[in-house]
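A.B. asks: I am attaching a structure below and will ask some questions about it afterwards.
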Amino acid sequence: MTEFRTVRADETVSLYELWARAFTASHIVSLYEQDEGRLGRTFVAADGTGVLAVVYWLPREVRDARGGVQRVGCVSSVATRPDARGRGLVRRLLAMAAEAMTAAGCAWSLLFTGTPGVYAGSGWRVFDRPRVDGRFAAVATLDAGWTAEPAGLGDWPVLAALHDRHDDRRPLTTVRSARDWTGRVPVWYGPPHEILLVQEHGTPMAYAVVDWSVGDVAEVALAAGPAAAPLLRAVAAEARARGVRSGCLHAPLDPPVRAALPLLFEEWERRDEQTGMARPLLLQEAEVRAVVEHPFAVHWTADYF
């Protein structure tokens, strides 16, 4: 008989085996084990053969459309064993998770997926994420007084100060703790990512996180608008130096970034990337859409779950 409940500690091996079959990404277990309350928020369908399906969620502090902070239930690592598909297991587990998130005071729920059809029938709706594809611009030198050098994850207090300033009231961004910077961020921004730190006369002014294997700019942060031009110029110069001709910017086009975009790409195209999904819990649908559809909203890669 199939049971629907939270996972037991003695089922961890079966759970991890299911995830290993469902996903190729190596970060799932690493992130999961950083969550001390994970077992009580991991809903499974299980029988005598082990875990058949799983829906896991965790609470995160996310900024709303007015810059305030709300508790959001973030759904992750949803999987079904191949021999158990087509039985509605995930839909039932999603309902259980939604009930638990609501009881825990979550205003709404967030997830990211390449298979939105799995969640649409359970109340989650797709939203577009910011993305610009382009060919990196020709090399240009930085103005006098500006420098760009790689920064290590050990420099996280400097990066955190820039990040917090850039995202102080930005919708859909997560409020990062020191534990996030030392635990979650390294999982996402390890090699082949590199952090490029731009300084003006020795003062940190901006950074960009770039995956050089594909030319993806996964995150940016500016202390002030004028730092956008030297930052994007530095990214383009480094890309050309590495022989990377094209890439992608995963960031909203704030006015300073939009104005400096020609320094990053010589030609570019805005593309739809509808992999984010949201579901109201304690809020109304319109309030949730105001967050995820805000023109300056973004959920950075390192805040994924």
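Here's how to read the names in the structure tokens: chain A, B, ... by the order shown, residue numbers from 1 in each chain, ligand numbers from 1 in the order shown.
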Could you go through range 31-153 of chain A and tell me which residues DSSP, when run on the backbone, assigns to strand (DSSP E), listing them as an MDAnalysis selection string?
C.D. replies: chainID A and resid 42:47 50:63 69:80 108:112 125:127 132:136 146:151
A.B. asks: Mind checking which residues fall within 6 Å of range 112-128 of chain A, counting only C-alpha atoms, ignoring those fewer than 2 positions away in the same chain, and posting them as a list in words?
C.D. replies: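 After dropping sequence-adjacent residues, the list is Glu273, Gln274, Thr275, Gly276, Met277, Ala278 and Arg279 of chain A.
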A.B. asks: Could you write out the selected residues, including N, CA, C and O atoms, as a tab-separated table (two decimals), in the first residue's frame?
C.D. replies:
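To be explicit, this is the file written out as result35.tsv:
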chain	number	residue	atom	x	y	z
A	273	GLU	N	12.25	33.29	-21.11
A	273	GLU	CA	12.71	32.10	-20.40
A	273	GLU	C	11.70	31.80	-19.31
A	273	GLU	O	11.84	32.23	-18.17
A	274	GLN	N	10.66	31.08	-19.66
A	274	GLN	CA	9.55	30.86	-18.75
A	274	GLN	C	9.74	29.56	-17.97
A	274	GLN	O	9.05	28.56	-18.18
A	275	THR	N	10.70	29.60	-17.06
A	275	THR	CA	10.98	28.44	-16.21
A	275	THR	C	10.62	28.71	-14.75
A	275	THR	O	10.70	27.80	-13.93
A	276	GLY	N	10.22	29.93	-14.43
A	276	GLY	CA	9.77	30.23	-13.08
A	276	GLY	C	8.27	30.03	-12.96
A	276	GLY	O	7.52	30.25	-13.90
A	277	MET	N	7.82	29.58	-11.77
A	277	MET	CA	6.39	29.39	-11.53
A	277	MET	C	6.06	29.85	-10.11
A	277	MET	O	6.88	29.70	-9.19
A	278	ALA	N	4.88	30.42	-9.94
A	278	ALA	CA	4.47	30.93	-8.63
A	278	ALA	C	3.02	30.54	-8.36
A	278	ALA	O	2.21	30.42	-9.28
A	279	ARG	N	2.70	30.38	-7.06
A	279	ARG	CA	1.35	30.00	-6.64
A	279	ARG	C	0.98	30.78	-5.40
A	279	ARG	O	1.73	30.80	-4.42
A.B. asks: If we count only C-alpha atoms, what is near Ile195 in chain A at a cut-off of 6 Å, once residues fewer than 6 positions away on the same chain are taken out, given as a PyMOL selection string?
C.D. replies: chain A and resi 150-151+208-209
A.B. asks: Please provide as a compact mmCIF listing (two decimals) with N, CA and C atoms, in the first residue's frame all residues within 7 Å of Ala236 in chain A, with the sequence filter that same-chain residues fewer than 4 positions apart are discarded (counting only C-alpha atoms).
C.D. replies:
# COMPACT_ATOMS: atom_id res chain seq x y z
N PHE A 136 29.62 39.14 -27.50
CA PHE A 136 30.39 40.04 -26.66
C PHE A 136 31.05 41.15 -27.49
N ALA A 137 31.06 42.34 -26.92
CA ALA A 137 31.60 43.51 -27.61
C ALA A 137 33.12 43.43 -27.69
N VAL A 139 37.02 44.47 -27.28
CA VAL A 139 37.74 44.85 -26.06
C VAL A 139 37.91 46.36 -25.98
N LEU A 232 30.39 45.93 -17.12
CA LEU A 232 30.05 45.23 -18.36
C LEU A 232 31.21 45.28 -19.35
N ARG A 240 36.42 38.09 -24.36
CA ARG A 240 37.22 38.09 -25.59
C ARG A 240 38.60 37.49 -25.33
N LEU A 264 28.76 45.51 -23.28
CA LEU A 264 28.82 44.06 -23.06
C LEU A 264 28.63 43.30 -24.36
A.B. asks: List the neighbours of Tyr207 in chain A out to 10 Å using only C-alpha atoms; skip same-chain residues closer than 5 positions along the sequence, and give me the result as a list of chain:residue names.
C.D. replies: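 Counting only the stated atoms, we get A:Ala148, A:Glu149, A:Pro150, A:Ala151, A:Val158, A:Leu159, A:Leu162, A:His163, A:Ile195, A:Leu196, A:Leu197, A:Val198, A:Gln199, A:Glu219, A:Val220, A:Ala221, A:Leu222, A:Ala223, A:Ala227, A:Ala228, A:Leu231, A:Leu232, A:Ala234, A:Val235.
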A.B. asks: How many Å lie between CA of Arg63 in chain A and CA of Ala95 in chain A, rounded to one decimal?
C.D. replies: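 For CA of Arg63 in chain A relative to CA of Ala95 in chain A, the distance reads 24.6 Å.
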A.B. asks: Find the residue from A:Val288, A:Ala65, A:Ala140, A:Leu111 that sits nearest to Ser77 in chain A; use only C-alpha atoms when measuring.
C.D. replies: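 When distances to Ser77 in chain A are compared using only C-alpha atoms, the smallest one comes from A:Leu111.
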A.B. asks: Might you pull out every residue within 7 Å of Leu94 in chain A, with only C-alpha atoms counted and same-chain residues fewer than 4 positions away left off, and present them as a list in words?
C.D. replies: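 Answer for this query is Val55, Val90 and Ala98 of chain A.
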A.B. asks: As a PyMOL selection string, please: all residues of range 5-149 of chain A that backbone DSSP puts in helix (DSSP H, G or I).
C.D. replies: chain A and resi 9-22+27-32+39-41+82-84+89-103+117-120
A.B. asks: Those same residues - N, CA and C atoms - I'd like them written as a short mmCIF file (atom, residue, chain, number, x, y, z; two decimals), in the first residue's frame.
C.D. replies:
data_model
loop_
_atom_site.label_atom_id
_atom_site.label_comp_id
_atom_site.auth_asym_id
_atom_site.auth_seq_id
_atom_site.Cartn_x
_atom_site.Cartn_y
_atom_site.Cartn_z
N ALA A 9 13.84 9.17 8.42
CA ALA A 9 15.31 9.23 8.36
C ALA A 9 15.89 7.97 7.74
N ASP A 10 15.24 6.83 7.98
CA ASP A 10 15.79 5.57 7.44
C ASP A 10 15.49 5.38 5.95
N GLU A 11 14.80 6.35 5.33
CA GLU A 11 14.51 6.27 3.90
C GLU A 11 15.43 7.16 3.08
N THR A 12 16.44 7.76 3.71
CA THR A 12 17.33 8.69 3.01
C THR A 12 18.01 8.03 1.82
N VAL A 13 18.47 6.80 1.98
CA VAL A 13 19.16 6.11 0.88
C VAL A 13 18.22 5.96 -0.31
N SER A 14 16.98 5.54 -0.06
CA SER A 14 16.01 5.37 -1.14
C SER A 14 15.69 6.71 -1.80
N LEU A 15 15.61 7.77 -0.98
CA LEU A 15 15.34 9.11 -1.51
C LEU A 15 16.47 9.56 -2.42
N TYR A 16 17.69 9.39 -1.98
CA TYR A 16 18.84 9.83 -2.77
C TYR A 16 18.97 9.01 -4.05
N GLU A 17 18.62 7.74 -3.99
CA GLU A 17 18.64 6.91 -5.19
C GLU A 17 17.63 7.42 -6.21
N LEU A 18 16.45 7.84 -5.74
CA LEU A 18 15.45 8.39 -6.64
C LEU A 18 15.97 9.66 -7.31
N TRP A 19 16.56 10.56 -6.52
CA TRP A 19 17.09 11.80 -7.09
C TRP A 19 18.22 11.52 -8.08
N ALA A 20 19.05 10.54 -7.78
CA ALA A 20 20.16 10.21 -8.68
C ALA A 20 19.64 9.72 -10.02
N ARG A 21 18.52 9.04 -10.01
CA ARG A 21 17.92 8.55 -11.27
C ARG A 21 17.22 9.67 -12.03
N ALA A 22 16.68 10.66 -11.29
CA ALA A 22 15.87 11.70 -11.92
C ALA A 22 16.68 12.89 -12.39
N HIS A 27 24.29 19.07 -7.25
CA HIS A 27 24.12 19.96 -6.09
C HIS A 27 22.93 19.58 -5.22
N ILE A 28 22.05 18.71 -5.66
CA ILE A 28 20.77 18.49 -4.99
C ILE A 28 20.95 18.03 -3.55
N VAL A 29 21.72 16.98 -3.36
CA VAL A 29 21.91 16.45 -2.01
C VAL A 29 22.69 17.42 -1.14
N SER A 30 23.69 18.08 -1.73
CA SER A 30 24.50 19.05 -0.98
C SER A 30 23.65 20.17 -0.40
N LEU A 31 22.76 20.73 -1.22
CA LEU A 31 21.87 21.79 -0.73
C LEU A 31 20.86 21.23 0.27
N TYR A 32 20.32 20.07 -0.03
CA TYR A 32 19.31 19.45 0.84
C TYR A 32 19.87 19.24 2.24
N LEU A 39 13.66 16.99 6.79
CA LEU A 39 12.83 15.78 6.85
C LEU A 39 11.36 16.12 7.06
N GLY A 40 11.09 17.13 7.85
CA GLY A 40 9.70 17.50 8.10
C GLY A 40 9.04 18.25 6.96
N ARG A 41 9.83 18.60 5.94
CA ARG A 41 9.29 19.30 4.78
C ARG A 41 9.51 18.51 3.49
N PRO A 82 10.36 5.99 -12.25
CA PRO A 82 9.75 5.69 -13.55
C PRO A 82 8.61 4.69 -13.50
N ASP A 83 8.71 3.67 -12.66
CA ASP A 83 7.66 2.66 -12.61
C ASP A 83 6.42 3.11 -11.85
N ALA A 84 6.48 4.35 -11.28
CA ALA A 84 5.34 4.85 -10.52
C ALA A 84 4.68 6.06 -11.19
N LEU A 89 0.83 10.79 -8.19
CA LEU A 89 1.51 10.87 -6.89
C LEU A 89 2.02 12.28 -6.61
N VAL A 90 2.65 12.89 -7.60
CA VAL A 90 3.20 14.24 -7.39
C VAL A 90 2.10 15.25 -7.13
N ARG A 91 0.98 15.13 -7.83
CA ARG A 91 -0.11 16.08 -7.61
C ARG A 91 -0.59 16.00 -6.17
N ARG A 92 -0.71 14.81 -5.64
CA ARG A 92 -1.16 14.67 -4.25
C ARG A 92 -0.11 15.23 -3.29
N LEU A 93 1.15 15.00 -3.58
CA LEU A 93 2.22 15.51 -2.72
C LEU A 93 2.31 17.04 -2.79
N LEU A 94 2.06 17.60 -3.95
CA LEU A 94 2.06 19.05 -4.09
C LEU A 94 0.94 19.67 -3.24
N ALA A 95 -0.21 19.03 -3.21
CA ALA A 95 -1.31 19.51 -2.38
C ALA A 95 -0.93 19.47 -0.90
N MET A 96 -0.26 18.42 -0.49
CA MET A 96 0.19 18.32 0.90
C MET A 96 1.21 19.40 1.22
N ALA A 97 2.12 19.63 0.28
CA ALA A 97 3.14 20.66 0.49
C ALA A 97 2.51 22.03 0.56
N ALA A 98 1.54 22.32 -0.31
CA ALA A 98 0.87 23.63 -0.29
C ALA A 98 0.16 23.85 1.03
N GLU A 99 -0.48 22.83 1.55
CA GLU A 99 -1.15 22.93 2.85
C GLU A 99 -0.13 23.21 3.96
N ALA A 100 1.00 22.52 3.91
CA ALA A 100 2.04 22.71 4.93
C ALA A 100 2.66 24.10 4.84
N MET A 101 2.90 24.59 3.62
CA MET A 101 3.47 25.92 3.44
C MET A 101 2.53 26.99 3.97
N THR A 102 1.25 26.82 3.70
CA THR A 102 0.26 27.78 4.20
C THR A 102 0.24 27.78 5.72
N ALA A 103 0.24 26.61 6.32
CA ALA A 103 0.24 26.50 7.78
C ALA A 103 1.49 27.11 8.39
N GLY A 117 4.22 21.94 -17.13
CA GLY A 117 2.94 21.24 -17.18
C GLY A 117 2.68 20.38 -15.96
N VAL A 118 3.75 19.94 -15.28
CA VAL A 118 3.60 19.11 -14.09
C VAL A 118 2.90 19.88 -12.97
N TYR A 119 3.09 21.21 -12.93
CA TYR A 119 2.64 22.02 -11.81
C TYR A 119 1.42 22.89 -12.12
N ALA A 120 1.14 23.09 -13.39
CA ALA A 120 0.06 24.00 -13.77
C ALA A 120 -1.28 23.56 -13.19
#
A.B. asks: Interatomic distance between CA of Ala260 in chain A and CA of Gly134 in chain A?
C.D. replies: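 Rounded to one decimal, the two atoms are 13.6 Å apart.
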A.B. asks: Determine the nearest neighbour of Arg270 in chain A from the options A:Arg131, A:Arg258, A:His299, A:His294, counting only C-alpha atoms.
C.D. replies: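 Counting only C-alpha atoms, the residue closest to Arg270 in chain A is A:Arg131.
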A.B. asks: CA of Gly215 in chain A and CA of Ala239 in chain A are how many Å apart?
C.D. replies: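 Spanning CA of Gly215 in chain A to CA of Ala239 in chain A is a straight-line distance of 7.2 Å.
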